[in-house]
Structures are given as structure tokens and as C-alpha cells.
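Have a look at final_15.cif; it's mmCIF, N, CA and C atoms:
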```cif
data_input
#
loop_
_atom_site.label_atom_id
_atom_site.label_comp_id
_atom_site.auth_asym_id
_atom_site.auth_seq_id
_atom_site.Cartn_x
_atom_site.Cartn_y
_atom_site.Cartn_z
N THR A 1 5.26 266.74 108.33
CA THR A 1 4.84 265.62 107.56
C THR A 1 4.64 264.41 108.46
N THR A 2 3.58 263.71 108.12
CA THR A 2 3.26 262.51 108.88
C THR A 2 3.18 261.34 107.91
N PHE A 3 3.85 260.31 108.29
CA PHE A 3 3.79 259.10 107.47
C PHE A 3 2.64 258.22 107.97
N VAL A 4 1.84 257.77 107.00
CA VAL A 4 0.75 256.84 107.34
C VAL A 4 1.28 255.45 107.04
N THR A 5 1.38 254.64 108.05
CA THR A 5 1.93 253.30 107.86
C THR A 5 0.83 252.24 107.80
N GLU A 6 -0.29 252.55 108.33
CA GLU A 6 -1.36 251.55 108.31
C GLU A 6 -2.70 252.25 108.19
N VAL A 7 -3.46 251.84 107.13
CA VAL A 7 -4.80 252.38 106.95
C VAL A 7 -5.75 251.33 107.48
N ARG A 8 -6.54 251.71 108.40
CA ARG A 8 -7.46 250.76 109.01
C ARG A 8 -8.86 251.35 108.96
N PRO A 9 -9.73 250.78 108.05
CA PRO A 9 -11.09 251.30 107.99
C PRO A 9 -11.86 250.88 109.24
N ASP A 10 -12.96 251.50 109.37
CA ASP A 10 -13.84 251.22 110.51
C ASP A 10 -14.31 249.76 110.44
N ASP A 11 -14.58 249.14 111.57
CA ASP A 11 -15.03 247.73 111.63
C ASP A 11 -16.32 247.50 110.84
N VAL A 12 -17.20 248.47 110.83
CA VAL A 12 -18.45 248.34 110.08
C VAL A 12 -18.15 248.23 108.59
N VAL A 13 -17.22 249.00 108.10
CA VAL A 13 -16.84 248.98 106.68
C VAL A 13 -16.17 247.64 106.35
N VAL A 14 -15.31 247.16 107.23
CA VAL A 14 -14.64 245.88 107.00
C VAL A 14 -15.66 244.74 106.95
N ARG A 15 -16.60 244.70 107.90
CA ARG A 15 -17.65 243.67 107.90
C ARG A 15 -18.51 243.75 106.64
N SER A 16 -18.86 244.95 106.24
CA SER A 16 -19.69 245.15 105.05
C SER A 16 -18.96 244.63 103.80
N MET A 17 -17.69 244.93 103.68
CA MET A 17 -16.91 244.47 102.52
C MET A 17 -16.78 242.94 102.55
N ASN A 18 -16.57 242.37 103.72
CA ASN A 18 -16.48 240.91 103.85
C ASN A 18 -17.81 240.25 103.47
N GLU A 19 -18.91 240.82 103.91
CA GLU A 19 -20.23 240.26 103.56
C GLU A 19 -20.49 240.35 102.06
N MET A 20 -20.06 241.43 101.43
CA MET A 20 -20.21 241.55 99.98
C MET A 20 -19.39 240.49 99.26
N ASN A 21 -18.18 240.25 99.73
CA ASN A 21 -17.32 239.24 99.14
C ASN A 21 -17.91 237.84 99.34
N ILE A 22 -18.41 237.56 100.55
CA ILE A 22 -19.04 236.27 100.84
C ILE A 22 -20.26 236.07 99.95
N SER A 23 -21.08 237.10 99.83
CA SER A 23 -22.29 237.02 99.01
C SER A 23 -21.94 236.73 97.54
N LYS A 24 -20.92 237.40 97.04
CA LYS A 24 -20.48 237.18 95.66
C LYS A 24 -20.01 235.74 95.46
N ARG A 25 -19.21 235.24 96.39
CA ARG A 25 -18.71 233.86 96.29
C ARG A 25 -19.84 232.84 96.41
N LEU A 26 -20.82 233.07 97.29
CA LEU A 26 -21.96 232.15 97.42
C LEU A 26 -22.79 232.12 96.14
N LYS A 27 -22.96 233.29 95.52
CA LYS A 27 -23.70 233.36 94.26
C LYS A 27 -22.99 232.54 93.18
N GLU A 28 -21.68 232.67 93.06
CA GLU A 28 -20.91 231.89 92.09
C GLU A 28 -20.98 230.39 92.40
N ALA A 29 -20.90 230.05 93.68
CA ALA A 29 -20.98 228.64 94.08
C ALA A 29 -22.33 228.04 93.72
N MET A 30 -23.40 228.81 93.92
CA MET A 30 -24.74 228.32 93.57
C MET A 30 -24.86 228.08 92.06
N LEU A 31 -24.29 228.97 91.27
CA LEU A 31 -24.32 228.79 89.81
C LEU A 31 -23.57 227.53 89.40
N TYR A 32 -22.39 227.32 89.99
CA TYR A 32 -21.62 226.12 89.69
C TYR A 32 -22.35 224.85 90.13
N LYS A 33 -22.97 224.93 91.28
CA LYS A 33 -23.71 223.77 91.79
C LYS A 33 -24.91 223.46 90.88
N ALA A 34 -25.64 224.48 90.45
CA ALA A 34 -26.78 224.27 89.55
C ALA A 34 -26.33 223.70 88.21
N GLU A 35 -25.22 224.20 87.69
CA GLU A 35 -24.69 223.69 86.42
C GLU A 35 -24.27 222.23 86.55
N ALA A 36 -23.65 221.88 87.68
CA ALA A 36 -23.25 220.49 87.92
C ALA A 36 -24.47 219.58 88.01
N GLU A 37 -25.53 220.03 88.66
CA GLU A 37 -26.76 219.23 88.77
C GLU A 37 -27.39 219.04 87.39
N LYS A 38 -27.38 220.10 86.59
CA LYS A 38 -27.92 220.01 85.23
C LYS A 38 -27.15 218.96 84.42
N ILE A 39 -25.83 219.00 84.50
CA ILE A 39 -25.00 218.03 83.76
C ILE A 39 -25.28 216.62 84.26
N ARG A 40 -25.40 216.45 85.59
CA ARG A 40 -25.68 215.13 86.15
C ARG A 40 -27.02 214.58 85.65
N VAL A 41 -28.05 215.42 85.62
CA VAL A 41 -29.37 214.98 85.16
C VAL A 41 -29.34 214.64 83.67
N VAL A 42 -28.72 215.49 82.87
CA VAL A 42 -28.65 215.26 81.42
C VAL A 42 -27.86 213.98 81.11
N LYS A 43 -26.72 213.82 81.75
CA LYS A 43 -25.90 212.62 81.51
C LYS A 43 -26.63 211.36 81.98
N GLY A 44 -27.36 211.46 83.09
CA GLY A 44 -28.14 210.32 83.57
C GLY A 44 -29.22 209.93 82.57
N ALA A 45 -29.91 210.94 82.01
CA ALA A 45 -30.94 210.66 81.01
C ALA A 45 -30.34 210.07 79.74
N GLU A 46 -29.19 210.58 79.33
CA GLU A 46 -28.52 210.03 78.14
C GLU A 46 -28.11 208.58 78.38
N ALA A 47 -27.58 208.30 79.56
CA ALA A 47 -27.16 206.93 79.88
C ALA A 47 -28.37 205.99 79.90
N HIS A 48 -29.48 206.45 80.46
CA HIS A 48 -30.69 205.63 80.50
C HIS A 48 -31.20 205.36 79.08
N SER A 49 -31.19 206.39 78.25
CA SER A 49 -31.61 206.24 76.86
C SER A 49 -30.73 205.24 76.12
N GLU A 50 -29.43 205.34 76.31
CA GLU A 50 -28.49 204.42 75.65
C GLU A 50 -28.71 202.99 76.15
N THR A 51 -28.97 202.83 77.44
CA THR A 51 -29.24 201.51 78.01
C THR A 51 -30.46 200.88 77.36
N LEU A 52 -31.53 201.66 77.24
CA LEU A 52 -32.76 201.14 76.61
C LEU A 52 -32.52 200.79 75.14
N TYR A 53 -31.78 201.63 74.44
CA TYR A 53 -31.48 201.38 73.04
C TYR A 53 -30.70 200.07 72.88
N LEU A 54 -29.64 199.93 73.68
CA LEU A 54 -28.82 198.72 73.58
C LEU A 54 -29.59 197.48 74.01
N SER A 55 -30.47 197.64 74.98
CA SER A 55 -31.31 196.51 75.39
C SER A 55 -32.22 196.08 74.24
N GLY A 56 -32.77 197.06 73.53
CA GLY A 56 -33.62 196.75 72.37
C GLY A 56 -32.84 196.07 71.27
N ILE A 57 -31.62 196.53 71.03
CA ILE A 57 -30.76 195.90 70.02
C ILE A 57 -30.47 194.46 70.42
N GLY A 58 -30.15 194.25 71.70
CA GLY A 58 -29.86 192.89 72.17
C GLY A 58 -31.06 191.97 72.06
N THR A 59 -32.23 192.48 72.43
CA THR A 59 -33.45 191.68 72.33
C THR A 59 -33.76 191.34 70.88
N ALA A 60 -33.60 192.32 70.00
CA ALA A 60 -33.85 192.07 68.58
C ALA A 60 -32.87 191.03 68.04
N GLY A 61 -31.61 191.13 68.43
CA GLY A 61 -30.62 190.15 67.99
C GLY A 61 -30.94 188.76 68.51
N GLU A 62 -31.41 188.70 69.75
CA GLU A 62 -31.80 187.41 70.34
C GLU A 62 -32.96 186.79 69.56
N HIS A 63 -33.96 187.61 69.25
CA HIS A 63 -35.12 187.11 68.50
C HIS A 63 -34.70 186.66 67.10
N LYS A 64 -33.80 187.42 66.49
CA LYS A 64 -33.32 187.06 65.15
C LYS A 64 -32.59 185.72 65.20
N ALA A 65 -31.74 185.53 66.22
CA ALA A 65 -30.99 184.28 66.36
C ALA A 65 -31.94 183.11 66.64
N LEU A 66 -32.96 183.34 67.46
CA LEU A 66 -33.93 182.28 67.73
C LEU A 66 -34.68 181.88 66.46
N ALA A 67 -35.10 182.88 65.70
CA ALA A 67 -35.83 182.60 64.46
C ALA A 67 -34.94 181.84 63.47
N LYS A 68 -33.68 182.25 63.36
CA LYS A 68 -32.76 181.56 62.45
C LYS A 68 -32.52 180.13 62.91
N GLY A 69 -32.33 179.95 64.23
CA GLY A 69 -32.14 178.60 64.76
C GLY A 69 -33.35 177.72 64.54
N MET A 70 -34.54 178.29 64.71
CA MET A 70 -35.77 177.52 64.49
C MET A 70 -35.89 177.15 63.01
N GLN A 71 -35.56 178.09 62.15
CA GLN A 71 -35.63 177.83 60.71
C GLN A 71 -34.69 176.69 60.33
N GLU A 72 -33.47 176.71 60.85
CA GLU A 72 -32.51 175.65 60.55
C GLU A 72 -32.97 174.31 61.12
N SER A 73 -33.54 174.34 62.32
CA SER A 73 -34.03 173.11 62.94
C SER A 73 -35.15 172.49 62.11
N VAL A 74 -36.08 173.33 61.68
CA VAL A 74 -37.20 172.82 60.87
C VAL A 74 -36.67 172.25 59.56
N LYS A 75 -35.74 172.97 58.94
CA LYS A 75 -35.18 172.51 57.67
C LYS A 75 -34.47 171.17 57.85
N ASN A 76 -33.61 171.08 58.87
CA ASN A 76 -32.87 169.84 59.12
C ASN A 76 -33.80 168.67 59.46
N TYR A 77 -34.80 168.95 60.30
CA TYR A 77 -35.70 167.88 60.71
C TYR A 77 -36.59 167.43 59.55
N SER A 78 -37.01 168.39 58.71
CA SER A 78 -37.86 168.00 57.58
C SER A 78 -37.07 167.17 56.57
N VAL A 79 -35.79 167.47 56.40
CA VAL A 79 -34.95 166.68 55.48
C VAL A 79 -34.73 165.28 56.05
N SER A 80 -34.40 165.20 57.35
CA SER A 80 -34.08 163.89 57.93
C SER A 80 -35.31 163.02 58.16
N SER A 81 -36.47 163.64 58.42
CA SER A 81 -37.67 162.84 58.72
C SER A 81 -38.60 162.69 57.53
N GLY A 82 -38.43 163.55 56.54
CA GLY A 82 -39.32 163.50 55.39
C GLY A 82 -40.68 164.15 55.68
N LYS A 83 -40.80 164.83 56.81
CA LYS A 83 -42.07 165.50 57.17
C LYS A 83 -42.16 166.87 56.50
N ASN A 84 -43.38 167.31 56.36
CA ASN A 84 -43.68 168.62 55.82
C ASN A 84 -43.25 169.70 56.83
N PRO A 85 -42.53 170.78 56.41
CA PRO A 85 -42.12 171.84 57.35
C PRO A 85 -43.30 172.47 58.10
N LYS A 86 -44.47 172.54 57.45
CA LYS A 86 -45.64 173.10 58.12
C LYS A 86 -46.03 172.23 59.31
N ASP A 87 -45.99 170.91 59.15
CA ASP A 87 -46.32 170.01 60.26
C ASP A 87 -45.31 170.15 61.40
N ILE A 88 -44.05 170.34 61.04
CA ILE A 88 -43.01 170.50 62.06
C ILE A 88 -43.24 171.81 62.81
N MET A 89 -43.58 172.87 62.09
CA MET A 89 -43.85 174.15 62.75
C MET A 89 -45.06 174.05 63.67
N ASP A 90 -46.09 173.34 63.23
CA ASP A 90 -47.26 173.14 64.09
C ASP A 90 -46.86 172.42 65.38
N LEU A 91 -46.02 171.41 65.25
CA LEU A 91 -45.55 170.68 66.42
C LEU A 91 -44.74 171.58 67.35
N LEU A 92 -43.87 172.40 66.76
CA LEU A 92 -43.08 173.33 67.57
C LEU A 92 -43.97 174.35 68.29
N LEU A 93 -44.97 174.87 67.59
CA LEU A 93 -45.89 175.82 68.22
C LEU A 93 -46.65 175.19 69.37
N VAL A 94 -47.13 173.97 69.18
CA VAL A 94 -47.85 173.28 70.25
C VAL A 94 -46.91 173.05 71.44
N THR A 95 -45.68 172.65 71.16
CA THR A 95 -44.71 172.41 72.23
C THR A 95 -44.40 173.70 72.98
N GLN A 96 -44.18 174.79 72.26
CA GLN A 96 -43.92 176.07 72.92
C GLN A 96 -45.14 176.54 73.70
N TYR A 97 -46.31 176.32 73.17
CA TYR A 97 -47.53 176.71 73.86
C TYR A 97 -47.66 175.94 75.17
N LEU A 98 -47.41 174.64 75.13
CA LEU A 98 -47.49 173.83 76.35
C LEU A 98 -46.40 174.23 77.34
N ASP A 99 -45.20 174.53 76.86
CA ASP A 99 -44.13 175.02 77.73
C ASP A 99 -44.55 176.31 78.43
N MET A 100 -45.20 177.20 77.69
CA MET A 100 -45.65 178.46 78.26
C MET A 100 -46.71 178.21 79.32
N LEU A 101 -47.62 177.26 79.07
CA LEU A 101 -48.65 176.96 80.06
C LEU A 101 -48.05 176.45 81.37
N VAL A 102 -46.94 175.72 81.25
CA VAL A 102 -46.27 175.22 82.45
C VAL A 102 -45.51 176.35 83.15
N ALA A 103 -44.89 177.24 82.36
CA ALA A 103 -44.03 178.28 82.92
C ALA A 103 -44.80 179.43 83.55
N VAL A 104 -45.99 179.76 83.05
CA VAL A 104 -46.72 180.93 83.53
C VAL A 104 -47.01 180.89 85.03
N PRO A 105 -47.55 179.80 85.57
CA PRO A 105 -47.88 179.86 87.00
C PRO A 105 -46.71 179.55 87.93
N SER A 106 -45.48 179.49 87.43
CA SER A 106 -44.35 179.13 88.30
C SER A 106 -44.10 180.23 89.32
N PRO A 107 -43.52 179.89 90.47
CA PRO A 107 -43.27 180.90 91.51
C PRO A 107 -42.34 182.01 91.05
N ASN A 108 -41.47 181.74 90.08
CA ASN A 108 -40.54 182.77 89.61
C ASN A 108 -41.23 183.83 88.77
N THR A 109 -42.31 183.47 88.09
CA THR A 109 -42.99 184.44 87.23
C THR A 109 -44.25 184.99 87.87
N ASP A 110 -44.78 184.33 88.89
CA ASP A 110 -46.04 184.73 89.50
C ASP A 110 -45.76 185.30 90.89
N LYS A 111 -45.02 186.42 90.95
CA LYS A 111 -44.57 186.97 92.23
C LYS A 111 -45.70 187.57 93.05
N HIS A 112 -46.72 188.05 92.40
CA HIS A 112 -47.77 188.76 93.13
C HIS A 112 -49.04 187.93 93.26
N GLY A 113 -48.99 186.69 92.89
CA GLY A 113 -50.17 185.85 93.00
C GLY A 113 -51.20 186.14 91.92
N ASP A 114 -50.79 186.83 90.85
CA ASP A 114 -51.72 187.12 89.76
C ASP A 114 -52.04 185.84 89.01
N SER A 115 -53.15 185.84 88.35
CA SER A 115 -53.54 184.69 87.55
C SER A 115 -53.63 185.11 86.09
N MET A 116 -53.50 184.11 85.24
CA MET A 116 -53.63 184.36 83.81
C MET A 116 -54.60 183.33 83.27
N ILE A 117 -55.63 183.81 82.60
CA ILE A 117 -56.61 182.91 82.02
C ILE A 117 -56.28 182.78 80.54
N ILE A 118 -56.09 181.53 80.11
CA ILE A 118 -55.66 181.27 78.74
C ILE A 118 -56.64 180.30 78.10
N ASN A 119 -57.00 180.61 76.88
CA ASN A 119 -57.87 179.73 76.11
C ASN A 119 -57.07 178.50 75.71
N CYS A 120 -57.51 177.32 76.09
CA CYS A 120 -56.72 176.10 75.86
C CYS A 120 -57.34 175.14 74.86
N ASP A 121 -58.28 175.58 74.07
CA ASP A 121 -58.85 174.63 73.11
C ASP A 121 -57.89 174.43 71.94
N PRO A 122 -57.97 173.30 71.26
CA PRO A 122 -57.02 173.01 70.17
C PRO A 122 -57.05 174.04 69.04
N GLY A 123 -58.17 174.65 68.83
CA GLY A 123 -58.27 175.66 67.78
C GLY A 123 -57.43 176.89 68.07
N HIS A 124 -57.13 177.11 69.34
CA HIS A 124 -56.33 178.28 69.72
C HIS A 124 -54.92 178.18 69.14
N VAL A 125 -54.34 177.00 69.16
CA VAL A 125 -53.01 176.81 68.59
C VAL A 125 -53.05 177.04 67.08
N LEU A 126 -54.11 176.60 66.43
CA LEU A 126 -54.27 176.82 64.99
C LEU A 126 -54.34 178.33 64.70
N LYS A 127 -55.12 179.06 65.51
CA LYS A 127 -55.20 180.51 65.32
C LYS A 127 -53.85 181.17 65.54
N LEU A 128 -53.09 180.66 66.52
CA LEU A 128 -51.76 181.18 66.77
C LEU A 128 -50.87 180.94 65.56
N ARG A 129 -50.90 179.75 64.99
CA ARG A 129 -50.09 179.44 63.82
C ARG A 129 -50.48 180.33 62.65
N GLN A 130 -51.79 180.56 62.46
CA GLN A 130 -52.25 181.41 61.36
C GLN A 130 -51.77 182.85 61.56
N SER A 131 -51.78 183.32 62.80
CA SER A 131 -51.30 184.67 63.09
C SER A 131 -49.82 184.80 62.77
N VAL A 132 -49.04 183.81 63.17
CA VAL A 132 -47.60 183.82 62.87
C VAL A 132 -47.40 183.78 61.35
N GLY A 133 -48.20 182.99 60.66
CA GLY A 133 -48.10 182.92 59.20
C GLY A 133 -48.40 184.25 58.55
N ARG A 134 -49.45 184.94 59.04
CA ARG A 134 -49.78 186.26 58.49
C ARG A 134 -48.66 187.26 58.77
N LEU A 135 -48.07 187.18 59.95
CA LEU A 135 -46.98 188.08 60.29
C LEU A 135 -45.78 187.84 59.39
N SER A 136 -45.41 186.59 59.20
CA SER A 136 -44.25 186.31 58.35
C SER A 136 -44.54 186.71 56.91
N HIS A 137 -45.79 186.55 56.46
CA HIS A 137 -46.16 186.97 55.11
C HIS A 137 -46.07 188.48 54.97
N SER A 138 -46.53 189.22 55.98
CA SER A 138 -46.48 190.69 55.89
C SER A 138 -45.04 191.18 55.90
N ILE A 139 -44.17 190.49 56.62
CA ILE A 139 -42.75 190.88 56.62
C ILE A 139 -42.14 190.57 55.26
N ALA A 140 -42.52 189.44 54.66
CA ALA A 140 -41.98 189.08 53.35
C ALA A 140 -42.47 190.05 52.28
N VAL A 141 -43.72 190.54 52.42
CA VAL A 141 -44.29 191.45 51.43
C VAL A 141 -43.71 192.85 51.57
N ALA A 142 -43.51 193.31 52.82
CA ALA A 142 -43.03 194.67 53.05
C ALA A 142 -41.78 194.68 53.91
N PRO A 143 -40.65 194.19 53.38
CA PRO A 143 -39.43 194.15 54.19
C PRO A 143 -38.88 195.52 54.53
N SER A 144 -39.29 196.56 53.80
CA SER A 144 -38.78 197.90 54.08
C SER A 144 -39.28 198.42 55.42
N LYS A 145 -40.33 197.81 55.99
CA LYS A 145 -40.87 198.25 57.26
C LYS A 145 -40.14 197.62 58.45
N ILE A 146 -39.19 196.73 58.17
CA ILE A 146 -38.44 196.10 59.24
C ILE A 146 -37.33 197.04 59.66
N PRO A 147 -37.18 197.32 60.97
CA PRO A 147 -36.09 198.19 61.41
C PRO A 147 -34.74 197.62 61.03
N ASP A 148 -33.75 198.50 60.83
CA ASP A 148 -32.42 198.08 60.39
C ASP A 148 -31.78 197.04 61.30
N PHE A 149 -31.97 197.20 62.62
CA PHE A 149 -31.29 196.30 63.52
C PHE A 149 -31.92 194.91 63.55
N LEU A 150 -33.08 194.71 62.91
CA LEU A 150 -33.69 193.38 62.84
C LEU A 150 -33.31 192.66 61.56
N SER A 151 -32.85 193.40 60.58
CA SER A 151 -32.53 192.74 59.30
C SER A 151 -31.06 192.39 59.21
#
```
When written as C-alpha cells, how does the structure in this file appear?
Amino acid sequence: TTFVTEVRPDDVVVRSMNEMNISKRLKEAMLYKAEAEKIRVVKGAEAHSETLYLSGIGTAGEHKALAKGMQESVKNYSVSSGKNPKDIMDLLLVTQYLDMLVAVPSPNTDKHGDSMIINCDPGHVLKLRQSVGRLSHSIAVAPSKIPDFLS
């Protein structure tokens, strides 16, 4: 009787088994890496979507607050001055229009040297006021078309 104390396969068999094990582990690692990349891309897209949504909510809230503030200002000024609210709104529109004309060509907004051609005749402000009036009328007529976050 002979006792076998150590079984030692041929070096070719050992290398082959090691290569099979390495190949199996690399395949698993590639799957994990691909899954991690997929999660990173999906989470990045979700975060970007949420950022845009919240930015829209913030902008809508800002516009709502501006409109409410303007409404209160017109109401307060018309009571204290005895002026017609329509005349006050016309004055506000002209003032905002002139502010915009000053702000457009500023170095902070005109980074690329672009130009903006704007119609500056007095009738343009009247058309602007009429457009705003039509918009506010359409919102008053069909409030169900206003998104929830604006109301």
C-alpha cells in the first residue's frame, strides 16, 4: 500500500483551471461594472429631470409673486392717487419696456456681441398692453388650462 499525500496536477492543467477561474471572475466584474454604469446614467437623468422640474416650479412661483405684487401696487396706487388702474398699468408697461431697452445691450447680457432690433414706436407699447390684456382675459375665461403649480 502506498499513501498519496499530495496530488499535483500537471502545470498545463493548473494554468488552464486558473485561466478559467480568471475568465469567470472577469465576466462577473464586467456585468457588475455595466450595471453600475446603467444605475449612474439613470440616476443622473432622474436628477436632471428633477432639477428642471423644480426650476420650473420656482420660476412659476416667482412669476406668480411678481404678478401679485404688481396687482397690489396698482391697487394701492390707484386708491392713493385716484388714477384709473388701466392708466397705471400703461405707465408700468412703458417703464418696464424702457428698462428692458436699457438692459438688453448691457455687457452682462450681450456676451457674444449679438444685437437685438426692437420696434420702438409708441404704438408698440399699446400693442404690448393689448396682448397682455388678451392673455389675462383668456386665463380668466379658461382657468382650467392653468397648470396646478401656477394657481
Could the centre and edge lengths of an axis-aligned box, enclosing all atoms of segment 51-65 of chain A in the file with 6 Å extra on each side, be given in Å to one decimal as lines of an AutoDock Vina configuration file?
```
center_x = -32.0
center_y = 193.0
center_z = 71.6
size_x = 18.3
size_y = 31.7
size_z = 24.9
```
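Separating atom CA of Ser80 of chain A from atom C of Lys68 of chain A is a distance of 17.1 Å.
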Give me, please, the distance in Å between atom CA of Ala36 of chain A and atom CA of Ser55 of chain A, quoted to one decimal.
->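 That distance, rounded to one decimal, is 28.2 Å.
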Could you name the residues that touch segment 83-90 of chain A at 9 Å or less, counting only C-alpha atoms, but leaving out those on the same chain fewer than 4 positions away, as a list in words?
->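 The contact residues come out as Met70, Val74, Lys75, Tyr77, Ser78, Val79, Val94, Thr95, Val125, Leu126 and Arg129 of chain A.
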